[in-house]
$ cat start_35.pdb   # PDB, N, CA and C atoms
ATOM      1  N   MET A   1     -20.012 -26.408 -30.389  1.00  0.00           N
ATOM      2  CA  MET A   1     -19.605 -25.027 -30.343  1.00  0.00           C
ATOM      3  C   MET A   1     -19.274 -24.654 -28.905  1.00  0.00           C
ATOM      4  N   LYS A   2     -18.202 -23.885 -28.726  1.00  0.00           N
ATOM      5  CA  LYS A   2     -17.796 -23.465 -27.390  1.00  0.00           C
ATOM      6  C   LYS A   2     -18.599 -22.255 -26.915  1.00  0.00           C
ATOM      7  N   GLU A   3     -18.759 -22.169 -25.619  1.00  0.00           N
ATOM      8  CA  GLU A   3     -19.401 -21.028 -24.991  1.00  0.00           C
ATOM      9  C   GLU A   3     -18.445 -19.837 -25.012  1.00  0.00           C
ATOM     10  N   LEU A   4     -18.989 -18.643 -25.145  1.00  0.00           N
ATOM     11  CA  LEU A   4     -18.157 -17.438 -25.088  1.00  0.00           C
ATOM     12  C   LEU A   4     -17.529 -17.286 -23.718  1.00  0.00           C
ATOM     13  N   THR A   5     -16.349 -16.685 -23.685  1.00  0.00           N
ATOM     14  CA  THR A   5     -15.769 -16.329 -22.394  1.00  0.00           C
ATOM     15  C   THR A   5     -16.488 -15.074 -21.888  1.00  0.00           C
ATOM     16  N   LYS A   6     -16.303 -14.773 -20.633  1.00  0.00           N
ATOM     17  CA  LYS A   6     -16.893 -13.571 -20.052  1.00  0.00           C
ATOM     18  C   LYS A   6     -16.433 -12.338 -20.828  1.00  0.00           C
ATOM     19  N   GLU A   7     -15.152 -12.256 -21.131  1.00  0.00           N
ATOM     20  CA  GLU A   7     -14.591 -11.106 -21.834  1.00  0.00           C
ATOM     21  C   GLU A   7     -15.170 -10.982 -23.242  1.00  0.00           C
ATOM     22  N   GLN A   8     -15.299 -12.118 -23.942  1.00  0.00           N
ATOM     23  CA  GLN A   8     -15.869 -12.088 -25.288  1.00  0.00           C
ATOM     24  C   GLN A   8     -17.318 -11.598 -25.254  1.00  0.00           C
ATOM     25  N   ALA A   9     -18.079 -12.072 -24.299  1.00  0.00           N
ATOM     26  CA  ALA A   9     -19.479 -11.665 -24.178  1.00  0.00           C
ATOM     27  C   ALA A   9     -19.594 -10.166 -23.906  1.00  0.00           C
ATOM     28  N   ILE A  10     -18.725  -9.631 -23.078  1.00  0.00           N
ATOM     29  CA  ILE A  10     -18.724  -8.198 -22.771  1.00  0.00           C
ATOM     30  C   ILE A  10     -18.400  -7.390 -24.020  1.00  0.00           C
ATOM     31  N   ILE A  11     -17.401  -7.812 -24.756  1.00  0.00           N
ATOM     32  CA  ILE A  11     -16.991  -7.097 -25.973  1.00  0.00           C
ATOM     33  C   ILE A  11     -18.102  -7.126 -27.017  1.00  0.00           C
ATOM     34  N   ILE A  12     -18.711  -8.275 -27.220  1.00  0.00           N
ATOM     35  CA  ILE A  12     -19.790  -8.393 -28.194  1.00  0.00           C
ATOM     36  C   ILE A  12     -20.968  -7.513 -27.790  1.00  0.00           C
ATOM     37  N   THR A  13     -21.299  -7.511 -26.516  1.00  0.00           N
ATOM     38  CA  THR A  13     -22.382  -6.671 -26.024  1.00  0.00           C
ATOM     39  C   THR A  13     -22.063  -5.198 -26.245  1.00  0.00           C
ATOM     40  N   GLY A  14     -20.848  -4.797 -25.923  1.00  0.00           N
ATOM     41  CA  GLY A  14     -20.467  -3.396 -26.078  1.00  0.00           C
ATOM     42  C   GLY A  14     -20.468  -2.928 -27.511  1.00  0.00           C
ATOM     43  N   PHE A  15     -20.027  -3.777 -28.418  1.00  0.00           N
ATOM     44  CA  PHE A  15     -19.948  -3.373 -29.816  1.00  0.00           C
ATOM     45  C   PHE A  15     -21.292  -3.457 -30.537  1.00  0.00           C
ATOM     46  N   THR A  16     -22.061  -4.499 -30.270  1.00  0.00           N
ATOM     47  CA  THR A  16     -23.305  -4.698 -31.010  1.00  0.00           C
ATOM     48  C   THR A  16     -24.529  -4.092 -30.328  1.00  0.00           C
ATOM     49  N   GLY A  17     -24.475  -3.948 -29.017  1.00  0.00           N
ATOM     50  CA  GLY A  17     -25.639  -3.471 -28.286  1.00  0.00           C
ATOM     51  C   GLY A  17     -26.616  -4.578 -27.925  1.00  0.00           C
ATOM     52  N   PHE A  18     -26.314  -5.808 -28.342  1.00  0.00           N
ATOM     53  CA  PHE A  18     -27.148  -6.964 -28.005  1.00  0.00           C
ATOM     54  C   PHE A  18     -26.488  -7.730 -26.871  1.00  0.00           C
ATOM     55  N   SER A  19     -27.246  -8.047 -25.846  1.00  0.00           N
ATOM     56  CA  SER A  19     -26.690  -8.717 -24.688  1.00  0.00           C
ATOM     57  C   SER A  19     -26.243 -10.135 -25.025  1.00  0.00           C
ATOM     58  N   ALA A  20     -24.953 -10.385 -24.800  1.00  0.00           N
ATOM     59  CA  ALA A  20     -24.390 -11.716 -25.036  1.00  0.00           C
ATOM     60  C   ALA A  20     -23.970 -12.366 -23.723  1.00  0.00           C
ATOM     61  N   GLY A  21     -24.297 -11.740 -22.616  1.00  0.00           N
ATOM     62  CA  GLY A  21     -23.908 -12.260 -21.312  1.00  0.00           C
ATOM     63  C   GLY A  21     -24.527 -11.421 -20.206  1.00  0.00           C
ATOM     64  N   SER A  22     -23.870 -11.410 -19.085  1.00  0.00           N
ATOM     65  CA  SER A  22     -24.355 -10.700 -17.904  1.00  0.00           C
ATOM     66  C   SER A  22     -24.338  -9.183 -18.104  1.00  0.00           C
ATOM     67  N   PHE A  23     -25.510  -8.568 -17.934  1.00  0.00           N
ATOM     68  CA  PHE A  23     -25.593  -7.113 -18.052  1.00  0.00           C
ATOM     69  C   PHE A  23     -24.746  -6.431 -16.988  1.00  0.00           C
ATOM     70  N   ALA A  24     -24.747  -6.973 -15.787  1.00  0.00           N
ATOM     71  CA  ALA A  24     -23.978  -6.377 -14.683  1.00  0.00           C
ATOM     72  C   ALA A  24     -22.486  -6.359 -15.006  1.00  0.00           C
ATOM     73  N   LEU A  25     -21.975  -7.447 -15.579  1.00  0.00           N
ATOM     74  CA  LEU A  25     -20.553  -7.491 -15.941  1.00  0.00           C
ATOM     75  C   LEU A  25     -20.243  -6.515 -17.070  1.00  0.00           C
ATOM     76  N   PHE A  26     -21.145  -6.402 -18.041  1.00  0.00           N
ATOM     77  CA  PHE A  26     -20.956  -5.426 -19.119  1.00  0.00           C
ATOM     78  C   PHE A  26     -20.922  -4.020 -18.558  1.00  0.00           C
ATOM     79  N   LEU A  27     -21.880  -3.673 -17.726  1.00  0.00           N
ATOM     80  CA  LEU A  27     -21.955  -2.325 -17.157  1.00  0.00           C
ATOM     81  C   LEU A  27     -20.703  -2.005 -16.348  1.00  0.00           C
ATOM     82  N   GLU A  28     -20.223  -2.958 -15.579  1.00  0.00           N
ATOM     83  CA  GLU A  28     -18.998  -2.774 -14.801  1.00  0.00           C
ATOM     84  C   GLU A  28     -17.811  -2.480 -15.731  1.00  0.00           C
ATOM     85  N   ASP A  29     -17.691  -3.245 -16.810  1.00  0.00           N
ATOM     86  CA  ASP A  29     -16.602  -3.039 -17.760  1.00  0.00           C
ATOM     87  C   ASP A  29     -16.741  -1.690 -18.465  1.00  0.00           C
ATOM     88  N   LEU A  30     -17.943  -1.330 -18.867  1.00  0.00           N
ATOM     89  CA  LEU A  30     -18.175  -0.056 -19.535  1.00  0.00           C
ATOM     90  C   LEU A  30     -17.777   1.110 -18.643  1.00  0.00           C
ATOM     91  N   GLU A  31     -18.144   1.049 -17.382  1.00  0.00           N
ATOM     92  CA  GLU A  31     -17.784   2.116 -16.450  1.00  0.00           C
ATOM     93  C   GLU A  31     -16.271   2.225 -16.276  1.00  0.00           C
ATOM     94  N   LYS A  32     -15.573   1.098 -16.293  1.00  0.00           N
ATOM     95  CA  LYS A  32     -14.104   1.129 -16.216  1.00  0.00           C
ATOM     96  C   LYS A  32     -13.524   1.805 -17.450  1.00  0.00           C
ATOM     97  N   ARG A  33     -14.054   1.487 -18.623  1.00  0.00           N
ATOM     98  CA  ARG A  33     -13.549   2.066 -19.869  1.00  0.00           C
ATOM     99  C   ARG A  33     -13.832   3.564 -19.941  1.00  0.00           C
ATOM    100  N   LEU A  34     -15.014   3.967 -19.492  1.00  0.00           N
ATOM    101  CA  LEU A  34     -15.391   5.378 -19.536  1.00  0.00           C
ATOM    102  C   LEU A  34     -14.796   6.183 -18.384  1.00  0.00           C
ATOM    103  N   GLU A  35     -14.481   5.491 -17.308  1.00  0.00           N
ATOM    104  CA  GLU A  35     -13.960   6.100 -16.079  1.00  0.00           C
ATOM    105  C   GLU A  35     -14.979   7.007 -15.396  1.00  0.00           C
ATOM    106  N   TYR A  36     -16.266   6.646 -15.543  1.00  0.00           N
ATOM    107  CA  TYR A  36     -17.318   7.318 -14.790  1.00  0.00           C
ATOM    108  C   TYR A  36     -18.550   6.414 -14.759  1.00  0.00           C
ATOM    109  N   PRO A  37     -19.442   6.643 -13.787  1.00  0.00           N
ATOM    110  CA  PRO A  37     -20.639   5.801 -13.668  1.00  0.00           C
ATOM    111  C   PRO A  37     -21.588   5.984 -14.854  1.00  0.00           C
ATOM    112  N   VAL A  38     -22.273   4.917 -15.202  1.00  0.00           N
ATOM    113  CA  VAL A  38     -23.243   4.938 -16.289  1.00  0.00           C
ATOM    114  C   VAL A  38     -24.608   4.592 -15.709  1.00  0.00           C
ATOM    115  N   PHE A  39     -25.609   5.356 -16.116  1.00  0.00           N
ATOM    116  CA  PHE A  39     -26.985   5.079 -15.712  1.00  0.00           C
ATOM    117  C   PHE A  39     -27.665   4.349 -16.865  1.00  0.00           C
ATOM    118  N   THR A  40     -28.505   3.395 -16.535  1.00  0.00           N
ATOM    119  CA  THR A  40     -29.082   2.539 -17.574  1.00  0.00           C
ATOM    120  C   THR A  40     -29.862   3.333 -18.622  1.00  0.00           C
ATOM    121  N   HIS A  41     -30.462   4.457 -18.245  1.00  0.00           N
ATOM    122  CA  HIS A  41     -31.212   5.232 -19.239  1.00  0.00           C
ATOM    123  C   HIS A  41     -30.293   5.778 -20.332  1.00  0.00           C
ATOM    124  N   GLN A  42     -29.001   5.927 -20.045  1.00  0.00           N
ATOM    125  CA  GLN A  42     -28.063   6.423 -21.047  1.00  0.00           C
ATOM    126  C   GLN A  42     -27.913   5.438 -22.206  1.00  0.00           C
ATOM    127  N   LEU A  43     -28.134   4.163 -21.932  1.00  0.00           N
ATOM    128  CA  LEU A  43     -27.978   3.135 -22.952  1.00  0.00           C
ATOM    129  C   LEU A  43     -29.064   3.212 -24.020  1.00  0.00           C
ATOM    130  N   GLY A  44     -30.097   4.005 -23.779  1.00  0.00           N
ATOM    131  CA  GLY A  44     -31.148   4.214 -24.762  1.00  0.00           C
ATOM    132  C   GLY A  44     -30.879   5.396 -25.680  1.00  0.00           C
ATOM    133  N   ASP A  45     -29.775   6.094 -25.457  1.00  0.00           N
ATOM    134  CA  ASP A  45     -29.410   7.259 -26.259  1.00  0.00           C
ATOM    135  C   ASP A  45     -28.483   6.837 -27.400  1.00  0.00           C
ATOM    136  N   ALA A  46     -28.895   7.098 -28.629  1.00  0.00           N
ATOM    137  CA  ALA A  46     -28.130   6.657 -29.802  1.00  0.00           C
ATOM    138  C   ALA A  46     -26.716   7.251 -29.827  1.00  0.00           C
ATOM    139  N   ASN A  47     -26.572   8.501 -29.470  1.00  0.00           N
ATOM    140  CA  ASN A  47     -25.238   9.127 -29.469  1.00  0.00           C
ATOM    141  C   ASN A  47     -24.325   8.478 -28.438  1.00  0.00           C
ATOM    142  N   PHE A  48     -24.875   8.191 -27.283  1.00  0.00           N
ATOM    143  CA  PHE A  48     -24.088   7.526 -26.246  1.00  0.00           C
ATOM    144  C   PHE A  48     -23.678   6.137 -26.707  1.00  0.00           C
ATOM    145  N   MET A  49     -24.599   5.414 -27.335  1.00  0.00           N
ATOM    146  CA  MET A  49     -24.292   4.063 -27.797  1.00  0.00           C
ATOM    147  C   MET A  49     -23.265   4.059 -28.927  1.00  0.00           C
ATOM    148  N   ASP A  50     -23.244   5.113 -29.737  1.00  0.00           N
ATOM    149  CA  ASP A  50     -22.184   5.236 -30.744  1.00  0.00           C
ATOM    150  C   ASP A  50     -20.823   5.345 -30.064  1.00  0.00           C
ATOM    151  N   LYS A  51     -20.769   6.084 -28.982  1.00  0.00           N
ATOM    152  CA  LYS A  51     -19.527   6.227 -28.206  1.00  0.00           C
ATOM    153  C   LYS A  51     -19.125   4.873 -27.603  1.00  0.00           C
ATOM    154  N   VAL A  52     -20.102   4.157 -27.067  1.00  0.00           N
ATOM    155  CA  VAL A  52     -19.839   2.838 -26.484  1.00  0.00           C
ATOM    156  C   VAL A  52     -19.292   1.893 -27.554  1.00  0.00           C
ATOM    157  N   LYS A  53     -19.925   1.887 -28.708  1.00  0.00           N
ATOM    158  CA  LYS A  53     -19.490   1.015 -29.799  1.00  0.00           C
ATOM    159  C   LYS A  53     -18.030   1.271 -30.140  1.00  0.00           C
ATOM    160  N   GLU A  54     -17.638   2.533 -30.206  1.00  0.00           N
ATOM    161  CA  GLU A  54     -16.248   2.870 -30.527  1.00  0.00           C
ATOM    162  C   GLU A  54     -15.288   2.390 -29.439  1.00  0.00           C
ATOM    163  N   LEU A  55     -15.724   2.399 -28.186  1.00  0.00           N
ATOM    164  CA  LEU A  55     -14.882   1.907 -27.091  1.00  0.00           C
ATOM    165  C   LEU A  55     -14.559   0.423 -27.241  1.00  0.00           C
ATOM    166  N   TYR A  56     -15.468  -0.317 -27.876  1.00  0.00           N
ATOM    167  CA  TYR A  56     -15.314  -1.764 -28.004  1.00  0.00           C
ATOM    168  C   TYR A  56     -14.865  -2.206 -29.402  1.00  0.00           C
ATOM    169  N   ARG A  57     -14.795  -1.292 -30.356  1.00  0.00           N
ATOM    170  CA  ARG A  57     -14.509  -1.641 -31.752  1.00  0.00           C
ATOM    171  C   ARG A  57     -13.212  -2.429 -31.908  1.00  0.00           C
ATOM    172  N   GLU A  58     -12.118  -1.943 -31.381  1.00  0.00           N
ATOM    173  CA  GLU A  58     -10.817  -2.609 -31.550  1.00  0.00           C
ATOM    174  C   GLU A  58     -10.839  -4.020 -30.983  1.00  0.00           C
ATOM    175  N   ASP A  59     -11.408  -4.183 -29.794  1.00  0.00           N
ATOM    176  CA  ASP A  59     -11.483  -5.514 -29.183  1.00  0.00           C
ATOM    177  C   ASP A  59     -12.390  -6.437 -29.992  1.00  0.00           C
ATOM    178  N   PHE A  60     -13.492  -5.905 -30.538  1.00  0.00           N
ATOM    179  CA  PHE A  60     -14.404  -6.707 -31.340  1.00  0.00           C
ATOM    180  C   PHE A  60     -13.714  -7.205 -32.600  1.00  0.00           C
ATOM    181  N   VAL A  61     -12.988  -6.334 -33.265  1.00  0.00           N
ATOM    182  CA  VAL A  61     -12.278  -6.722 -34.492  1.00  0.00           C
ATOM    183  C   VAL A  61     -11.266  -7.817 -34.194  1.00  0.00           C
ATOM    184  N   LYS A  62     -10.617  -7.763 -33.055  1.00  0.00           N
ATOM    185  CA  LYS A  62      -9.659  -8.797 -32.664  1.00  0.00           C
ATOM    186  C   LYS A  62     -10.342 -10.162 -32.475  1.00  0.00           C
ATOM    187  N   LEU A  63     -11.637 -10.150 -32.131  1.00  0.00           N
ATOM    188  CA  LEU A  63     -12.381 -11.407 -31.947  1.00  0.00           C
ATOM    189  C   LEU A  63     -12.758 -12.062 -33.273  1.00  0.00           C
ATOM    190  N   CYS A  64     -12.810 -11.285 -34.326  1.00  0.00           N
ATOM    191  CA  CYS A  64     -13.302 -11.795 -35.610  1.00  0.00           C
ATOM    192  C   CYS A  64     -12.389 -12.855 -36.189  1.00  0.00           C
ATOM    193  N   TYR A  65     -13.010 -13.816 -36.861  1.00  0.00           N
ATOM    194  CA  TYR A  65     -12.304 -14.934 -37.471  1.00  0.00           C
ATOM    195  C   TYR A  65     -11.392 -14.433 -38.584  1.00  0.00           C
ATOM    196  N   LYS A  66     -10.146 -14.904 -38.560  1.00  0.00           N
ATOM    197  CA  LYS A  66      -9.162 -14.464 -39.544  1.00  0.00           C
ATOM    198  C   LYS A  66      -8.611 -15.607 -40.386  1.00  0.00           C
ATOM    199  N   GLY A  67      -9.162 -16.789 -40.216  1.00  0.00           N
ATOM    200  CA  GLY A  67      -8.681 -17.970 -40.940  1.00  0.00           C
ATOM    201  C   GLY A  67      -9.210 -18.008 -42.366  1.00  0.00           C
ATOM    202  N   SER A  68      -8.909 -19.116 -42.999  1.00  0.00           N
ATOM    203  CA  SER A  68      -9.349 -19.270 -44.394  1.00  0.00           C
ATOM    204  C   SER A  68     -10.600 -20.116 -44.494  1.00  0.00           C
TER     205      SER A  68
END
$ encode --input "start_35.pdb" --output "structure tokens"
Amino acid sequence: MKELTKEQAIIITGFTGFSAGSFALFLEDLEKRLEYPVFTHQLGDANFMDKVKELYREDFVKLCYKGS
């Protein structure tokens, strides 16, 4: 099995909320998507995490297996 790319790990982390790679890289990407700084305590807020999930939804769906 191949290792995830950095981008794949960030997307999986953003959509699922489970760390699949470097937290620092995820946080950096999240801040770019939101266009404002994020404090780690915000990640414990369910409403905020729903917003994060939506930011990553399209990219996550693109990662999903589409073969037969």
$ atom_distance --input "start_35.pdb" --atom1 "CA of Glu31 in chain A" --atom2 "atom N of Lys2 in chain A"
28.8 Å
$ closest_residue --input "start_35.pdb" --among "A:Val52, A:Met1, A:Leu34, A:Ala9" --to "Ser22 in chain A" --atoms "all atoms listed in the file"
A:Ala9
$ closest_residue --input "start_35.pdb" --among "A:Phe15, A:Ala20, A:Gln8, A:Glu35" --to "Tyr56 in chain A" --atoms "only N, CA and C atoms"
A:Phe15
$ closest_residue --input "start_35.pdb" --among "A:Lys62, A:Arg33, A:Lys53, A:His41" --to "Gly17 in chain A" --atoms "only C-alpha atoms"
A:Lys53
$ closest_residue --input "start_35.pdb" --among "A:Thr13, A:Phe48, A:Gln42, A:Glu58" --to "Phe26 in chain A" --atoms "all atoms listed in the file"
A:Thr13
$ closest_residue --input "start_35.pdb" --among "A:Asp45, A:Thr40, A:Val61, A:Gly67" --to "Glu28 in chain A" --atoms "only C-alpha atoms"
A:Thr40
$ atom_distance --input "start_35.pdb" --atom1 "atom C of Val38 in chain A" --atom2 "atom N of Cys64 in chain A"
27.2 Å
$ atom_distance --input "start_35.pdb" --atom1 "atom N of Asn47 in chain A" --atom2 "atom C of Gly14 in chain A"
13.1 Å
$ select_by_dssp --input "start_35.pdb" --residues "chain A" --states "alpha helix (DSSP H)" --output "number ranges by chain"
A: 6-16, 23-34, 46-63
$ write_last_selection --input "start_35.pdb" --atoms "N, CA and C atoms" --output "short mmCIF file (atom, residue, chain, number, x, y, z; two decimals), in the coordinates of the input"
data_model
loop_
_atom_site.label_atom_id
_atom_site.label_comp_id
_atom_site.auth_asym_id
_atom_site.auth_seq_id
_atom_site.Cartn_x
_atom_site.Cartn_y
_atom_site.Cartn_z
N LYS A 6 -16.30 -14.77 -20.63
CA LYS A 6 -16.89 -13.57 -20.05
C LYS A 6 -16.43 -12.34 -20.83
N GLU A 7 -15.15 -12.26 -21.13
CA GLU A 7 -14.59 -11.11 -21.83
C GLU A 7 -15.17 -10.98 -23.24
N GLN A 8 -15.30 -12.12 -23.94
CA GLN A 8 -15.87 -12.09 -25.29
C GLN A 8 -17.32 -11.60 -25.25
N ALA A 9 -18.08 -12.07 -24.30
CA ALA A 9 -19.48 -11.66 -24.18
C ALA A 9 -19.59 -10.17 -23.91
N ILE A 10 -18.73 -9.63 -23.08
CA ILE A 10 -18.72 -8.20 -22.77
C ILE A 10 -18.40 -7.39 -24.02
N ILE A 11 -17.40 -7.81 -24.76
CA ILE A 11 -16.99 -7.10 -25.97
C ILE A 11 -18.10 -7.13 -27.02
N ILE A 12 -18.71 -8.28 -27.22
CA ILE A 12 -19.79 -8.39 -28.19
C ILE A 12 -20.97 -7.51 -27.79
N THR A 13 -21.30 -7.51 -26.52
CA THR A 13 -22.38 -6.67 -26.02
C THR A 13 -22.06 -5.20 -26.24
N GLY A 14 -20.85 -4.80 -25.92
CA GLY A 14 -20.47 -3.40 -26.08
C GLY A 14 -20.47 -2.93 -27.51
N PHE A 15 -20.03 -3.78 -28.42
CA PHE A 15 -19.95 -3.37 -29.82
C PHE A 15 -21.29 -3.46 -30.54
N THR A 16 -22.06 -4.50 -30.27
CA THR A 16 -23.30 -4.70 -31.01
C THR A 16 -24.53 -4.09 -30.33
N PHE A 23 -25.51 -8.57 -17.93
CA PHE A 23 -25.59 -7.11 -18.05
C PHE A 23 -24.75 -6.43 -16.99
N ALA A 24 -24.75 -6.97 -15.79
CA ALA A 24 -23.98 -6.38 -14.68
C ALA A 24 -22.49 -6.36 -15.01
N LEU A 25 -21.98 -7.45 -15.58
CA LEU A 25 -20.55 -7.49 -15.94
C LEU A 25 -20.24 -6.52 -17.07
N PHE A 26 -21.14 -6.40 -18.04
CA PHE A 26 -20.96 -5.43 -19.12
C PHE A 26 -20.92 -4.02 -18.56
N LEU A 27 -21.88 -3.67 -17.73
CA LEU A 27 -21.96 -2.33 -17.16
C LEU A 27 -20.70 -2.00 -16.35
N GLU A 28 -20.22 -2.96 -15.58
CA GLU A 28 -19.00 -2.77 -14.80
C GLU A 28 -17.81 -2.48 -15.73
N ASP A 29 -17.69 -3.24 -16.81
CA ASP A 29 -16.60 -3.04 -17.76
C ASP A 29 -16.74 -1.69 -18.46
N LEU A 30 -17.94 -1.33 -18.87
CA LEU A 30 -18.18 -0.06 -19.54
C LEU A 30 -17.78 1.11 -18.64
N GLU A 31 -18.14 1.05 -17.38
CA GLU A 31 -17.78 2.12 -16.45
C GLU A 31 -16.27 2.22 -16.28
N LYS A 32 -15.57 1.10 -16.29
CA LYS A 32 -14.10 1.13 -16.22
C LYS A 32 -13.52 1.80 -17.45
N ARG A 33 -14.05 1.49 -18.62
CA ARG A 33 -13.55 2.07 -19.87
C ARG A 33 -13.83 3.56 -19.94
N LEU A 34 -15.01 3.97 -19.49
CA LEU A 34 -15.39 5.38 -19.54
C LEU A 34 -14.80 6.18 -18.38
N ALA A 46 -28.90 7.10 -28.63
CA ALA A 46 -28.13 6.66 -29.80
C ALA A 46 -26.72 7.25 -29.83
N ASN A 47 -26.57 8.50 -29.47
CA ASN A 47 -25.24 9.13 -29.47
C ASN A 47 -24.32 8.48 -28.44
N PHE A 48 -24.88 8.19 -27.28
CA PHE A 48 -24.09 7.53 -26.25
C PHE A 48 -23.68 6.14 -26.71
N MET A 49 -24.60 5.41 -27.34
CA MET A 49 -24.29 4.06 -27.80
C MET A 49 -23.26 4.06 -28.93
N ASP A 50 -23.24 5.11 -29.74
CA ASP A 50 -22.18 5.24 -30.74
C ASP A 50 -20.82 5.34 -30.06
N LYS A 51 -20.77 6.08 -28.98
CA LYS A 51 -19.53 6.23 -28.21
C LYS A 51 -19.12 4.87 -27.60
N VAL A 52 -20.10 4.16 -27.07
CA VAL A 52 -19.84 2.84 -26.48
C VAL A 52 -19.29 1.89 -27.55
N LYS A 53 -19.92 1.89 -28.71
CA LYS A 53 -19.49 1.01 -29.80
C LYS A 53 -18.03 1.27 -30.14
N GLU A 54 -17.64 2.53 -30.21
CA GLU A 54 -16.25 2.87 -30.53
C GLU A 54 -15.29 2.39 -29.44
N LEU A 55 -15.72 2.40 -28.19
CA LEU A 55 -14.88 1.91 -27.09
C LEU A 55 -14.56 0.42 -27.24
N TYR A 56 -15.47 -0.32 -27.88
CA TYR A 56 -15.31 -1.76 -28.00
C TYR A 56 -14.86 -2.21 -29.40
N ARG A 57 -14.80 -1.29 -30.36
CA ARG A 57 -14.51 -1.64 -31.75
C ARG A 57 -13.21 -2.43 -31.91
N GLU A 58 -12.12 -1.94 -31.38
CA GLU A 58 -10.82 -2.61 -31.55
C GLU A 58 -10.84 -4.02 -30.98
N ASP A 59 -11.41 -4.18 -29.79
CA ASP A 59 -11.48 -5.51 -29.18
C ASP A 59 -12.39 -6.44 -29.99
N PHE A 60 -13.49 -5.90 -30.54
CA PHE A 60 -14.40 -6.71 -31.34
C PHE A 60 -13.71 -7.20 -32.60
N VAL A 61 -12.99 -6.33 -33.26
CA VAL A 61 -12.28 -6.72 -34.49
C VAL A 61 -11.27 -7.82 -34.19
N LYS A 62 -10.62 -7.76 -33.06
CA LYS A 62 -9.66 -8.80 -32.66
C LYS A 62 -10.34 -10.16 -32.48
N LEU A 63 -11.64 -10.15 -32.13
CA LEU A 63 -12.38 -11.41 -31.95
C LEU A 63 -12.76 -12.06 -33.27
#
$ axis_aligned_box --input "start_35.pdb" --around "range 50-68 of chain A" --padding-each-side "4 Å" --output "JSON"
{"center_x": -15.9, "center_y": -6.9, "center_z": -35.5, "size_x": 22.6, "size_y": 34.3, "size_z": 26.0}
$ residues_around --input "start_35.pdb" --residues "Thr5 in chain A" --least-positions-apart "5" --cutoff "8 Å" --atoms "all atoms listed in the file" --output "mmCIF file with N, CA and C atoms, keeping the file's coordinate frame"
data_model
loop_
_atom_site.group_PDB
_atom_site.id
_atom_site.type_symbol
_atom_site.label_atom_id
_atom_site.label_comp_id
_atom_site.auth_asym_id
_atom_site.auth_seq_id
_atom_site.Cartn_x
_atom_site.Cartn_y
_atom_site.Cartn_z
ATOM 1 N N ILE A 10 -18.725 -9.631 -23.078
ATOM 2 C CA ILE A 10 -18.724 -8.198 -22.771
ATOM 3 C C ILE A 10 -18.400 -7.390 -24.020
ATOM 4 N N ILE A 11 -17.401 -7.812 -24.756
ATOM 5 C CA ILE A 11 -16.991 -7.097 -25.973
ATOM 6 C C ILE A 11 -18.102 -7.126 -27.017
ATOM 7 N N GLY A 21 -24.297 -11.740 -22.616
ATOM 8 C CA GLY A 21 -23.908 -12.260 -21.312
ATOM 9 C C GLY A 21 -24.527 -11.421 -20.206
#
